[in-house]
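Peer 1: Structure file final12.txt (compact mmCIF, C-alpha atoms) right here:
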```txt
# COMPACT_ATOMS: atom_id res chain seq x y z
CA MET A 1026 -43.42 -22.66 -10.69
CA ASN A 1027 -40.65 -23.58 -13.06
CA GLN A 1028 -38.40 -20.91 -11.63
CA PRO A 1029 -34.77 -21.81 -11.13
CA TYR A 1030 -33.57 -22.35 -7.60
CA SER A 1031 -29.80 -22.32 -7.99
CA CYS A 1032 -27.96 -19.14 -8.76
CA THR A 1033 -26.38 -20.37 -11.98
CA GLN A 1034 -29.80 -21.18 -13.33
CA TRP A 1035 -30.33 -17.43 -13.46
CA GLY A 1036 -29.17 -15.98 -16.70
CA ASN A 1037 -26.10 -13.81 -16.54
CA VAL A 1038 -26.53 -10.08 -16.88
CA PRO A 1039 -26.96 -9.13 -20.53
CA ASP A 1040 -23.68 -8.01 -22.12
CA GLY A 1041 -21.93 -8.32 -18.82
CA GLY A 1042 -21.65 -4.62 -18.12
CA ALA A 1043 -20.46 -3.85 -14.64
CA ALA A 1044 -23.10 -6.02 -13.05
CA GLN A 1045 -22.61 -8.91 -10.72
CA ILE A 1046 -25.10 -11.59 -9.74
CA ILE A 1047 -24.70 -13.09 -6.32
CA HIS A 1048 -26.58 -15.57 -4.24
CA ASP A 1049 -27.97 -14.07 -1.05
CA THR A 1050 -28.19 -17.17 1.08
CA SER A 1051 -30.45 -16.75 4.10
CA SER A 1052 -31.77 -13.53 2.53
CA GLN A 1053 -29.44 -11.52 4.73
CA ILE A 1054 -28.89 -8.58 2.39
CA TRP A 1055 -32.52 -8.59 1.40
CA THR A 1056 -33.53 -8.03 4.99
CA PHE A 1057 -31.22 -5.01 5.29
CA PHE A 1058 -33.10 -3.12 2.61
CA GLU A 1059 -36.33 -5.00 2.08
CA SER A 1060 -39.16 -2.67 1.19
CA GLY A 1061 -42.60 -4.14 1.54
CA GLY A 1062 -41.70 -7.54 0.25
CA ALA A 1063 -42.10 -6.48 -3.36
CA VAL A 1064 -39.66 -7.46 -6.08
CA PRO A 1065 -37.65 -6.36 -7.79
CA SER A 1066 -36.50 -4.07 -5.04
CA THR A 1067 -33.68 -1.63 -5.67
CA VAL A 1068 -31.40 0.12 -3.21
CA TRP A 1069 -28.78 2.73 -4.11
CA LEU A 1070 -25.62 3.11 -2.04
CA ASP A 1071 -23.38 6.15 -2.46
CA HIS A 1072 -19.60 6.19 -2.24
CA GLU A 1073 -19.76 6.34 1.56
CA MET A 1074 -21.99 3.26 1.66
CA ARG A 1075 -24.92 5.43 2.64
CA VAL A 1076 -28.41 4.40 1.54
CA TYR A 1077 -29.24 6.99 -1.09
CA ASP A 1078 -32.67 5.65 -1.99
CA MET A 1079 -34.84 2.52 -2.06
CA MET A 1080 -37.60 1.69 -4.50
CA ASN A 1081 -39.71 -1.17 -5.78
CA ASN A 1082 -39.97 -1.81 -9.49
CA ALA A 1083 -37.47 0.91 -10.36
CA GLY A 1084 -37.19 1.60 -14.06
CA SER A 1085 -34.00 2.34 -15.93
CA TRP A 1086 -34.57 6.11 -15.76
CA SER A 1087 -34.99 5.98 -11.98
CA ILE A 1088 -31.87 3.91 -11.64
CA GLY A 1089 -29.79 6.01 -14.00
CA SER A 1090 -30.81 9.38 -12.61
CA ARG A 1091 -29.97 8.38 -9.06
CA MET A 1092 -26.64 6.96 -10.12
CA ASP A 1093 -25.86 10.24 -11.86
CA GLN A 1094 -26.79 12.20 -8.76
CA MET A 1095 -24.58 10.04 -6.57
CA LEU A 1096 -21.69 10.30 -9.02
CA GLU A 1097 -21.99 14.06 -9.08
CA ALA A 1098 -21.88 14.15 -5.29
CA CYS A 1099 -18.90 11.79 -5.29
CA GLY A 1100 -16.98 14.03 -7.68
CA SER A 1101 -13.36 13.26 -8.46
CA LEU A 1102 -13.27 10.40 -5.94
CA CYS A 1103 -15.29 8.29 -8.35
CA GLU A 1104 -13.37 9.24 -11.47
CA ASP A 1105 -11.26 6.66 -13.19
CA GLY A 1106 -8.13 6.21 -11.15
CA GLY A 1107 -9.56 8.42 -8.47
CA CYS A 1108 -7.66 8.29 -5.22
CA ALA A 1109 -8.59 9.13 -1.68
CA THR A 1110 -4.99 9.93 -0.79
CA ALA A 1111 -4.67 13.52 0.37
CA ALA A 1112 -2.56 15.85 -1.74
CA GLY A 1113 0.99 15.71 -0.47
CA ASP A 1114 0.60 12.47 1.46
CA LEU A 1115 3.16 10.68 -0.65
CA ASN A 1116 3.75 7.82 1.75
CA GLU A 1117 0.00 7.45 2.29
CA ASP A 1118 0.24 7.46 6.07
CA GLU A 1119 -2.44 10.17 6.37
CA ILE A 1120 0.09 12.61 7.86
CA LEU A 1121 1.86 15.41 6.00
CA ASN A 1122 5.39 15.74 7.32
CA ILE A 1123 9.08 15.74 6.52
CA GLN A 1124 8.84 12.19 5.23
CA ASP A 1125 6.61 13.39 2.43
CA ILE A 1126 9.05 16.20 1.60
CA ILE A 1127 11.94 13.73 1.36
CA THR A 1128 9.88 11.43 -0.80
CA MET A 1129 8.91 14.27 -3.11
CA VAL A 1130 12.49 15.48 -3.41
CA ASN A 1131 13.55 11.96 -4.34
CA GLN A 1132 10.73 11.75 -6.85
CA ILE A 1133 11.69 15.03 -8.52
CA LEU A 1134 15.35 14.01 -8.61
CA GLY A 1135 14.47 10.63 -10.09
CA SER A 1136 15.80 8.68 -7.11
CA THR A 1137 12.43 7.06 -6.57
CA SER A 1138 9.50 6.37 -8.82
CA LEU A 1139 6.09 6.80 -7.25
CA GLU A 1140 3.07 5.02 -8.63
CA GLY A 1141 -0.69 5.09 -8.31
CA CYS A 1142 -2.31 7.24 -5.68
CA ALA A 1143 1.05 8.28 -4.22
CA LEU A 1144 1.99 9.74 -7.59
CA ASP A 1145 -1.33 11.58 -7.76
CA ALA A 1146 -0.75 12.90 -4.26
CA ALA A 1147 2.62 14.30 -5.31
CA ASP A 1148 1.09 16.44 -8.02
CA MET A 1149 -0.04 19.14 -5.61
CA ASN A 1150 -1.06 21.62 -8.30
CA THR A 1151 -2.55 18.92 -10.55
CA ASP A 1152 -0.65 20.08 -13.61
CA GLY A 1153 0.56 16.58 -14.43
CA ILE A 1154 4.17 17.37 -13.53
CA ILE A 1155 5.95 16.74 -10.24
CA ASN A 1156 8.42 19.57 -9.76
CA ILE A 1157 9.66 22.39 -7.50
CA GLN A 1158 6.21 23.97 -7.57
CA ASP A 1159 4.70 20.89 -5.94
CA LEU A 1160 7.52 20.75 -3.41
CA ILE A 1161 6.87 24.33 -2.31
CA SER A 1162 3.14 23.67 -2.15
CA LEU A 1163 3.82 20.64 0.05
CA VAL A 1164 6.06 22.65 2.40
CA ASN A 1165 3.33 25.26 2.67
CA ALA A 1166 0.75 22.58 3.39
CA ILE A 1167 2.89 21.15 6.19
CA LEU A 1168 3.63 24.58 7.64
CA GLY A 1169 0.00 25.60 7.31
CA SER A 1170 1.06 28.64 5.35
CA PRO A 1171 -1.89 30.21 3.56
CA ARG A 1172 -1.45 30.98 -0.06
CA SER A 1173 -0.98 34.69 -0.76
CA ALA A 1174 -2.46 36.52 -3.71
CA HIS A 1175 -1.20 35.42 -7.10
CA LEU A 1176 2.13 37.17 -7.52
CA ASP A 1177 2.40 36.87 -11.30
CA GLY A 1178 6.19 37.07 -11.20
CA ASN A 1179 8.69 36.99 -13.98
CA ALA A 1180 12.42 36.58 -14.22
CA THR A 1181 15.27 36.82 -16.66
CA VAL A 1182 17.55 33.81 -16.87
CA GLU A 1183 20.97 34.63 -18.22
CA TYR A 1184 23.55 32.02 -19.11
CA VAL A 1185 27.16 33.14 -18.80
CA VAL A 1186 30.21 31.01 -19.53
CA SER A 1187 33.02 31.41 -17.05
CA GLY A 1188 36.03 29.44 -18.20
CA LYS A 1189 34.92 25.81 -18.14
CA ASP A 1190 31.96 26.63 -15.97
CA LEU A 1191 28.49 27.94 -16.65
CA ILE A 1192 26.76 30.47 -14.45
CA ILE A 1193 23.01 30.84 -14.53
CA HIS A 1194 21.86 34.19 -13.27
CA VAL A 1195 18.21 34.60 -12.33
CA GLY A 1196 16.92 38.11 -11.83
CA SER A 1197 13.30 38.31 -10.73
CA ASN A 1198 10.74 40.96 -9.89
CA ILE A 1199 9.41 39.01 -6.89
CA ASP A 1200 10.94 36.83 -4.19
CA VAL A 1201 12.09 33.40 -5.32
CA ALA A 1202 11.44 30.36 -3.13
CA GLY A 1203 12.77 27.56 -5.27
CA VAL A 1204 14.70 26.66 -8.40
CA GLU A 1205 14.77 23.42 -10.32
CA LEU A 1206 17.27 22.58 -13.04
CA ALA A 1207 17.40 19.65 -15.43
CA LEU A 1208 20.51 19.35 -17.57
CA PHE A 1209 20.97 16.78 -20.28
CA ASN A 1210 24.63 15.81 -20.22
CA HIS A 1211 26.69 12.67 -20.45
CA THR A 1212 28.22 13.09 -17.05
CA SER A 1213 27.12 14.24 -13.64
CA LEU A 1214 27.48 17.96 -13.05
CA ASP A 1215 28.40 19.74 -9.85
CA ILE A 1216 25.92 22.54 -9.18
CA GLU A 1217 26.26 25.19 -6.52
CA LEU A 1218 23.96 28.01 -5.49
CA LYS A 1219 25.81 31.17 -4.54
CA ASP A 1220 25.09 32.71 -1.16
CA ASN A 1221 21.73 31.61 0.30
CA SER A 1222 23.13 29.45 3.08
CA HIS A 1223 19.59 28.74 4.32
CA ILE A 1224 18.58 27.07 1.07
CA ASN A 1225 18.66 23.27 0.76
CA GLN A 1226 20.35 21.95 -2.36
CA GLU A 1227 19.93 18.44 -3.74
CA SER A 1228 21.00 16.92 -7.03
CA ASN A 1229 21.08 13.58 -8.75
CA PHE A 1230 22.40 12.22 -12.04
CA ILE A 1231 20.38 9.52 -13.73
CA ASP A 1232 19.79 8.48 -17.33
CA GLY A 1233 21.96 11.21 -18.79
CA MET A 1234 20.30 13.99 -16.83
CA THR A 1235 21.47 15.96 -13.83
CA ARG A 1236 18.53 17.16 -11.77
CA TYR A 1237 18.98 19.88 -9.18
CA LEU A 1238 16.70 21.40 -6.58
CA ALA A 1239 17.17 24.50 -4.43
CA TYR A 1240 14.45 25.16 -1.86
CA SER A 1241 13.84 26.08 1.74
CA ILE A 1242 12.30 23.55 4.07
CA PHE A 1243 10.64 26.53 5.78
CA ASN A 1244 9.73 28.14 2.47
CA GLN A 1245 11.96 31.13 3.12
CA PRO A 1246 12.73 33.14 0.01
CA PHE A 1247 16.21 33.40 -1.42
CA ASP A 1248 18.52 36.12 -0.07
CA SER A 1249 17.76 38.50 -2.88
CA ARG A 1250 15.97 38.70 -6.17
CA SER A 1251 19.28 38.23 -7.93
CA THR A 1252 20.43 34.62 -7.79
CA GLU A 1253 23.40 32.89 -9.34
CA ILE A 1254 23.93 29.19 -9.80
CA LEU A 1255 27.37 27.87 -10.73
CA ILE A 1256 27.50 24.70 -12.81
CA LYS A 1257 31.03 23.43 -12.87
CA SER A 1258 32.48 22.03 -16.10
CA ALA A 1259 29.29 22.93 -17.98
CA GLY A 1260 30.72 25.73 -20.09
CA GLU A 1261 30.13 23.77 -23.27
CA VAL A 1262 26.64 22.54 -22.44
CA ASP A 1263 24.09 23.75 -24.98
CA ILE A 1264 21.57 25.90 -23.13
CA ASP A 1265 18.85 24.16 -25.12
CA ASN A 1266 19.69 21.15 -22.98
CA ILE A 1267 18.96 23.02 -19.77
CA GLN A 1268 15.50 23.32 -18.31
CA VAL A 1269 14.95 25.93 -15.61
CA THR A 1270 11.92 26.29 -13.36
CA VAL A 1271 11.73 29.12 -10.86
CA ALA A 1272 8.91 29.22 -8.31
CA ASP A 1273 7.62 31.80 -5.88
CA ILE A 1274 6.51 31.29 -2.28
CA ASN A 1275 3.10 30.11 -3.46
CA GLY A 1276 4.63 27.43 -5.63
CA ASP A 1277 3.67 29.29 -8.78
CA ALA A 1278 6.16 29.33 -11.62
CA LEU A 1279 7.69 32.62 -12.68
CA TYR A 1280 7.49 33.52 -16.33
CA LEU A 1281 11.05 33.23 -17.62
CA THR A 1282 12.91 35.09 -20.32
CA HIS A 1283 16.16 33.46 -21.34
CA SER A 1284 19.26 35.10 -22.71
CA ASN A 1285 22.67 33.82 -23.58
CA SER A 1286 25.25 36.52 -23.42
CA GLY A 1287 28.11 34.23 -24.25
CA GLN A 1288 30.27 36.34 -22.04
CA VAL A 1289 33.32 34.86 -20.43
CA TYR A 1290 33.55 36.79 -17.26
CA GLN A 1291 36.48 35.14 -15.53
CA THR A 1292 38.44 37.66 -17.49
CA GLY A 1293 35.42 39.72 -18.45
CA PRO A 1294 32.80 42.04 -17.08
CA TYR A 1295 33.01 41.52 -13.33
CA THR A 1296 35.15 44.03 -11.57
CA PHE A 1297 35.56 44.66 -7.89
CA GLU A 1298 32.60 46.89 -7.28
CA LEU A 1299 30.14 47.70 -4.54
CA SER A 1300 26.87 48.85 -6.10
CA ALA A 1301 24.66 51.63 -4.77
CA LEU A 1302 22.54 50.41 -1.90
CA TYR A 1303 18.84 50.12 -2.50
CA PRO A 1304 16.87 51.58 -0.90
CA ASN A 1305 18.99 54.32 0.61
CA PRO A 1306 17.96 55.97 2.90
CA PHE A 1307 16.39 52.84 4.32
CA ASN A 1308 14.40 51.45 7.24
CA PRO A 1309 15.21 48.91 8.54
CA SER A 1310 16.83 46.91 5.73
CA THR A 1311 18.59 47.57 2.46
CA GLU A 1312 20.03 45.39 -0.28
CA ILE A 1313 23.77 45.40 -0.88
CA SER A 1314 25.17 44.08 -4.15
CA PHE A 1315 28.74 43.69 -5.23
CA THR A 1316 30.78 41.94 -7.86
CA LEU A 1317 34.08 40.12 -7.62
CA PRO A 1318 36.51 39.56 -10.50
CA MET A 1319 37.83 36.36 -8.92
CA ASP A 1320 37.23 33.91 -6.12
CA ASN A 1321 38.45 35.40 -2.88
CA HIS A 1322 37.90 35.82 0.85
CA VAL A 1323 35.40 38.60 1.42
CA LYS A 1324 34.32 40.68 4.38
CA LEU A 1325 31.24 42.85 4.11
CA SER A 1326 30.66 44.94 7.20
CA ALA A 1327 28.96 48.07 8.51
CA TYR A 1328 30.62 50.94 10.43
CA ASP A 1329 29.21 53.92 12.23
CA ILE A 1330 30.54 57.42 11.64
CA GLN A 1331 33.01 57.00 14.50
CA GLY A 1332 34.58 54.10 12.62
CA HIS A 1333 33.29 51.39 14.92
CA GLU A 1334 32.31 48.14 13.27
CA VAL A 1335 28.63 47.68 14.16
CA ASP A 1336 27.78 44.62 12.09
CA ILE A 1337 29.41 41.94 9.94
CA ILE A 1338 27.01 41.25 7.11
CA PHE A 1339 29.04 38.49 5.49
CA GLU A 1340 32.51 37.08 5.93
CA GLY A 1341 33.94 34.09 4.16
CA ALA A 1342 34.99 32.63 0.84
CA GLN A 1343 33.11 33.98 -2.12
CA SER A 1344 33.27 33.21 -5.81
CA VAL A 1345 33.57 35.34 -8.88
CA GLY A 1346 30.44 37.15 -10.03
CA LYS A 1347 27.62 39.11 -8.55
CA HIS A 1348 26.42 38.71 -4.97
CA SER A 1349 23.64 40.33 -3.01
CA TYR A 1350 22.86 40.52 0.67
CA THR A 1351 20.15 42.16 2.70
CA TRP A 1352 21.35 44.17 5.68
CA ASN A 1353 18.82 44.46 8.48
CA ALA A 1354 19.68 47.36 10.76
CA SER A 1355 16.62 47.17 12.96
CA ASP A 1356 18.80 46.96 16.08
CA LEU A 1357 20.64 50.16 15.25
CA SER A 1358 19.62 53.76 15.77
CA SER A 1359 19.00 56.24 12.98
CA GLY A 1360 22.11 57.73 11.48
CA VAL A 1361 24.79 57.49 8.86
CA TYR A 1362 26.68 54.23 8.42
CA TYR A 1363 29.30 53.00 6.02
CA ILE A 1364 29.16 49.63 4.27
CA ARG A 1365 32.66 48.36 3.63
CA LEU A 1366 33.57 45.58 1.24
CA GLN A 1367 36.98 44.02 1.46
CA SER A 1368 38.29 41.31 -0.84
CA GLY A 1369 41.94 40.46 -0.53
CA SER A 1370 43.86 43.70 -0.79
CA MET A 1371 40.94 45.55 -2.34
CA ALA A 1372 38.40 47.55 -0.36
CA THR A 1373 35.59 49.97 -1.08
CA SER A 1374 32.68 51.49 0.81
CA GLN A 1375 29.24 53.06 0.43
CA LYS A 1376 27.33 55.45 2.69
CA ALA A 1377 24.07 54.19 4.10
CA VAL A 1378 21.48 56.37 5.82
CA LEU A 1379 19.19 54.69 8.32
CA ILE A 1380 16.03 56.72 9.10
CA LYS A 1381 13.60 55.30 11.61
CA MET B 172 -15.93 8.61 -14.72
CA ILE B 173 -16.77 5.13 -13.59
CA LYS B 174 -20.14 3.81 -12.77
CA HIS B 175 -19.97 0.42 -11.17
CA ILE B 176 -23.39 -1.08 -11.22
CA ILE B 177 -24.31 -4.27 -9.55
CA ALA B 178 -27.42 -6.03 -10.72
CA PHE B 179 -27.90 -8.06 -7.65
CA SER B 180 -30.14 -11.05 -7.73
CA VAL B 181 -31.22 -12.51 -4.47
CA VAL B 182 -32.55 -15.99 -4.10
CA PHE B 183 -34.72 -15.95 -1.04
CA SER B 184 -37.70 -17.53 0.51
CA ILE B 185 -38.58 -15.42 3.52
CA SER B 186 -39.14 -11.76 4.26
CA LEU B 187 -38.01 -9.95 7.38
CA ALA B 188 -38.10 -6.37 8.66
CA SER B 189 -35.55 -4.01 7.08
CA VAL B 190 -32.55 -2.58 8.94
CA TYR B 191 -31.66 0.49 6.93
CA ASP B 192 -33.55 3.56 5.81
CA VAL B 193 -32.54 6.26 3.37
CA GLY B 194 -29.62 8.24 4.81
CA ASP B 195 -28.29 5.39 6.93
CA ILE B 196 -24.75 4.16 6.41
CA VAL B 197 -24.38 0.43 6.07
CA SER B 198 -22.41 -0.82 9.02
CA SER B 199 -18.95 -2.24 8.60
CA THR B 200 -20.21 -5.59 9.84
CA HIS B 201 -22.91 -5.74 7.22
CA GLN B 202 -20.56 -4.49 4.51
CA ASN B 203 -18.32 -7.44 5.24
CA ILE B 204 -20.93 -10.16 5.01
CA THR B 205 -19.77 -12.36 2.18
CA LYS B 206 -21.90 -13.91 -0.54
CA SER B 207 -21.07 -16.22 -3.38
CA THR B 208 -20.96 -14.90 -6.94
CA CYS B 209 -22.97 -16.71 -9.60
CA PHE B 210 -21.03 -15.56 -12.65
CA GLU B 211 -17.60 -14.15 -13.33
CA GLY B 212 -17.12 -10.45 -13.85
CA ASN B 213 -15.72 -7.38 -12.13
CA GLU B 214 -12.62 -9.43 -11.30
CA TYR B 215 -14.70 -12.08 -9.54
CA ASP B 216 -14.76 -15.70 -10.65
CA VAL B 217 -17.73 -17.99 -10.21
CA GLY B 218 -18.06 -18.85 -6.54
CA ASP B 219 -15.81 -16.07 -5.32
CA SER B 220 -16.75 -14.29 -2.15
CA TRP B 221 -18.48 -10.97 -2.70
CA LYS B 222 -19.14 -8.29 -0.12
CA MET B 223 -20.31 -4.69 -0.18
CA ALA B 224 -17.01 -3.58 1.33
CA ASP B 225 -15.33 -4.60 -1.93
CA TRP B 226 -16.91 -1.46 -3.41
CA ASN B 227 -16.14 0.89 -0.55
CA GLY B 228 -13.22 3.14 -1.44
CA ALA B 229 -12.49 3.81 2.21
CA VAL B 230 -11.45 0.20 2.75
CA ASN B 231 -10.52 -1.13 -0.69
CA GLY B 232 -7.51 1.06 -1.37
CA GLY B 233 -9.27 4.18 -2.57
CA HIS B 234 -11.39 2.86 -5.45
CA TYR B 235 -14.64 4.66 -4.80
CA ASN B 236 -17.89 3.64 -6.44
CA VAL B 237 -21.57 4.32 -6.37
CA ILE B 238 -23.67 1.19 -6.71
CA PHE B 239 -27.18 -0.06 -6.83
CA LEU B 240 -28.43 -3.43 -5.69
CA GLU B 241 -31.35 -4.89 -7.51
CA MET B 242 -32.92 -7.67 -5.50
CA THR B 243 -35.15 -10.25 -7.04
CA ALA B 244 -36.19 -13.71 -5.96
CA THR B 245 -37.25 -17.23 -6.47
CA TRP B 246 -39.68 -18.78 -4.08
```
Just give me the structure of the file as structure tokens.

Peer 2:
Amino acid sequence: MNQPYSCTQWGNVPDGGAAQIIHDTSSQIWTFFESGGAVPSTVWLDHEMRVYDMMNNAGSWSIGSRMDQMLEACGSLCEDGGCATAAGDLNEDEILNIQDIITMVNQILGSTSLEGCALDAADMNTDGIINIQDLISLVNAILGSPRSAHLDGNATVEYVVSGKDLIIHVGSNIDVAGVELALFNHTSLDIELKDNSHINQESNFIDGMTRYLAYSIFNQPFDSRSTEILIKSAGEVDIDNIQVTVADINGDALYLTHSNSGQVYQTGPYTFELSALYPNPFNPSTEISFTLPMDNHVKLSAYDIQGHEVDIIFEGAQSVGKHSYTWNASDLSSGVYYIRLQSGSMATSQKAVLIK
Amino acid sequence: MIKHIIAFSVVFSISLASVYDVGDIVSSTHQNITKSTCFEGNEYDVGDSWKMADWNGAVNGGHYNVIFLEMTATW
């Protein structure tokens, strides 16, 4: 008696909260969960729309405790802004592929601006920053490459002025799989990674910043642990306006130590020199480093003791500075070989001993 | 952490056998049965259509919730 029969004659939920009063015409929803005809009857549904519990005359403690249990089971999905988008699925098509890599590259370079769950999905390592580390993690996820043990790498980043240009030299104690640069400058800068023909390079200039990425779509490491990046017409850029991130094959950042030698090595320290091979003797590969005092055509080749050329390690145009290559002699038999470097009219050689 | 709670008042006059037990997942069909809201709130206006699927993160764009329905009556 005297009970209201239209839904608006019910009082609204005190203080609003997150509650909603609805009118269950035909008692449809009631019949789904009805429990003995008693009222009030309460049913809890978890984040998968699974019936978690049902109860008559549930008190606030019963309601609250079950909600807490369901929230705990739901985890991050039910957090504010929680997204169901899988990590790396930037285009939210439920497939991790090259499209996601392209989207992430564009995001890092500032060409696109992701929002919402797509932005969350891009932050593979959940550090709040979308960068080369996330890109490498995404490549690994697509390739199905398991993460190796934490490598805990470090590197020295040296800035050397060469005429109008700036050369960034990165020397690391572990393999490098990616480099990201951000340079604050009024104009777009041309950036070029030396050697490493298998490494993808992308850059973009936007809002007074040149962003640059060097990475492998197959997550192959750089040629050597000594990497040089030439930034043309950046000789006067303050190194405080340059941000460098170097990542390993796991997508972990290397700890960086920066130094600014201020050397001008177009006329400075680089001479024509072929460094001692390491290791030597070797099996089956060894690292070959050399320096050039100027840009020139270079041929780096291997000869056997009879003077026959058995391998061309590198041939082509090469720029001033230090370069490193790995020579894999797995197809050759044990013995003594000579590594010959020729640049223009200059030539030098080193003995290499292959022991299998 | 969000905790969307629905105090759910049902105006009914008959009682029928239940469909779901603990552990059952509410079917998509039942999730999409629409009801009319009595008051504004939770981005609904008075008279807007309400359905359980609105709170299902798998179909609402990834906004997951846990909810409880409190059913009461006039008869």

Peer 1: Using CA of Tyr1363 in chain A and CA of Phe1339 in chain A as the two end points, give the distance in Å to one decimal.

Peer 2: 14.5 Å

Peer 1: One decimal, in Å: what's the spacing between CA of Ala1259 in chain A and CA of His1211 in chain A?

Peer 2: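 A separation of 10.9 Å between them.
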
Peer 1: Excluding Tyr1303 in chain A and residues on its chain fewer than 5 positions from it, collect all residues at most 12 Å away from it, counting all atoms listed in the file, and give them as a ChimeraX atom specification.

Peer 2: /A:1249,1308-1314,1349-1352,1375-1379

Peer 1: Please identify all polymer residues within 10 Å of Ala1372 in chain A, counting all atoms listed in the file, omitting same-chain residues fewer than 4 positions from it, and present them as a ChimeraX atom specification.

Peer 2: /A:1297-1299,1323-1325,1365-1368

Peer 1: Rounded to one decimal in Å, what is the spacing between CA of Met1129 in chain A and CA of Leu1160 in chain A?

Peer 2: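 Interatomic distance here is 6.6 Å.
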
Peer 1: With a distance cut-off of 12 Å and only C-alpha atoms, select the neighbouring residues of Asp219 in chain B, excluding the residue or stretch itself and same-chain residues fewer than 5 positions from it, and output the selection as an mmCIF file with C-alpha atoms, in the coordinates of the input.

Peer 2:
```cif
data_model
loop_
_atom_site.group_PDB
_atom_site.id
_atom_site.type_symbol
_atom_site.label_atom_id
_atom_site.label_comp_id
_atom_site.auth_asym_id
_atom_site.auth_seq_id
_atom_site.Cartn_x
_atom_site.Cartn_y
_atom_site.Cartn_z
ATOM 1 C CA GLN A 1045 -22.610 -8.910 -10.720
ATOM 2 C CA ILE A 1046 -25.100 -11.590 -9.740
ATOM 3 C CA ILE A 1047 -24.700 -13.090 -6.320
ATOM 4 C CA HIS A 1048 -26.580 -15.570 -4.240
ATOM 5 C CA THR B 205 -19.770 -12.360 2.180
ATOM 6 C CA LYS B 206 -21.900 -13.910 -0.540
ATOM 7 C CA SER B 207 -21.070 -16.220 -3.380
ATOM 8 C CA THR B 208 -20.960 -14.900 -6.940
ATOM 9 C CA CYS B 209 -22.970 -16.710 -9.600
ATOM 10 C CA PHE B 210 -21.030 -15.560 -12.650
ATOM 11 C CA GLU B 211 -17.600 -14.150 -13.330
ATOM 12 C CA GLY B 212 -17.120 -10.450 -13.850
ATOM 13 C CA ASN B 213 -15.720 -7.380 -12.130
ATOM 14 C CA GLU B 214 -12.620 -9.430 -11.300
ATOM 15 C CA ASP B 225 -15.330 -4.600 -1.930
#
```

Peer 1: List the spatial neighbours of range 194-202 of chain B as a list in words - criterion: any atom at most 6 Å away, only C-alpha atoms, same-chain residues fewer than 4 positions off excluded.

Peer 2: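 Result of the neighbour search: Met1074, Arg1075 and Val1076 of chain A; Met223 and Ala224 of chain B.
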
Peer 1: Kindly indicate which residue among A:Ser1358, A:Gln1245, A:Asn1156, A:Ser1344 lies nearest to Val1269 in chain A, using only C-alpha atoms for the distances.

Peer 2: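 Going through A:Ser1358, A:Gln1245, A:Asn1156, A:Ser1344 one by one, the smallest distance to Val1269 in chain A is for A:Asn1156.
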
Peer 1: Would you list the contacts of Asn227 in chain B as a VMD selection string, taking every protein, DNA or RNA residue within 12 Å and counting only C-alpha atoms, but skipping same-chain residues closer than 5 positions in sequence?

Peer 2: (chain A and resid 1070 to 1075 1102 to 1103 1109) or (chain B and resid 175 196 to 199 202 to 203 222 232 to 238)

Peer 1: Between B:Ile204, B:Gly218, B:Val230, B:Val193, which is the closest to chain A once you count only C-alpha atoms?

Peer 2: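 So, comparing all the options, the nearest one is B:Val193.
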
Peer 1: Could you tell me which of B:Tyr215, B:Trp221, B:Phe239, B:Trp226 comes closest to chain A if we count all atoms listed in the file?

Peer 2: B:Phe239

Peer 1: Using all atoms listed in the file, find the one residue out of A:Asn1225, A:Ser1101, A:Ser1085, A:Ser1173 that sits nearest to chain B.

Peer 2: A:Ser1101

Peer 1: Point out the residue among A:Ala1111, A:Met1095, A:Ile1338, A:Ile1167 with the least atom-to-atom distance to Ile1123 in chain A, counting all atoms listed in the file.

Peer 2: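 Result for the nearest residue to Ile1123 in chain A: A:Ile1167.
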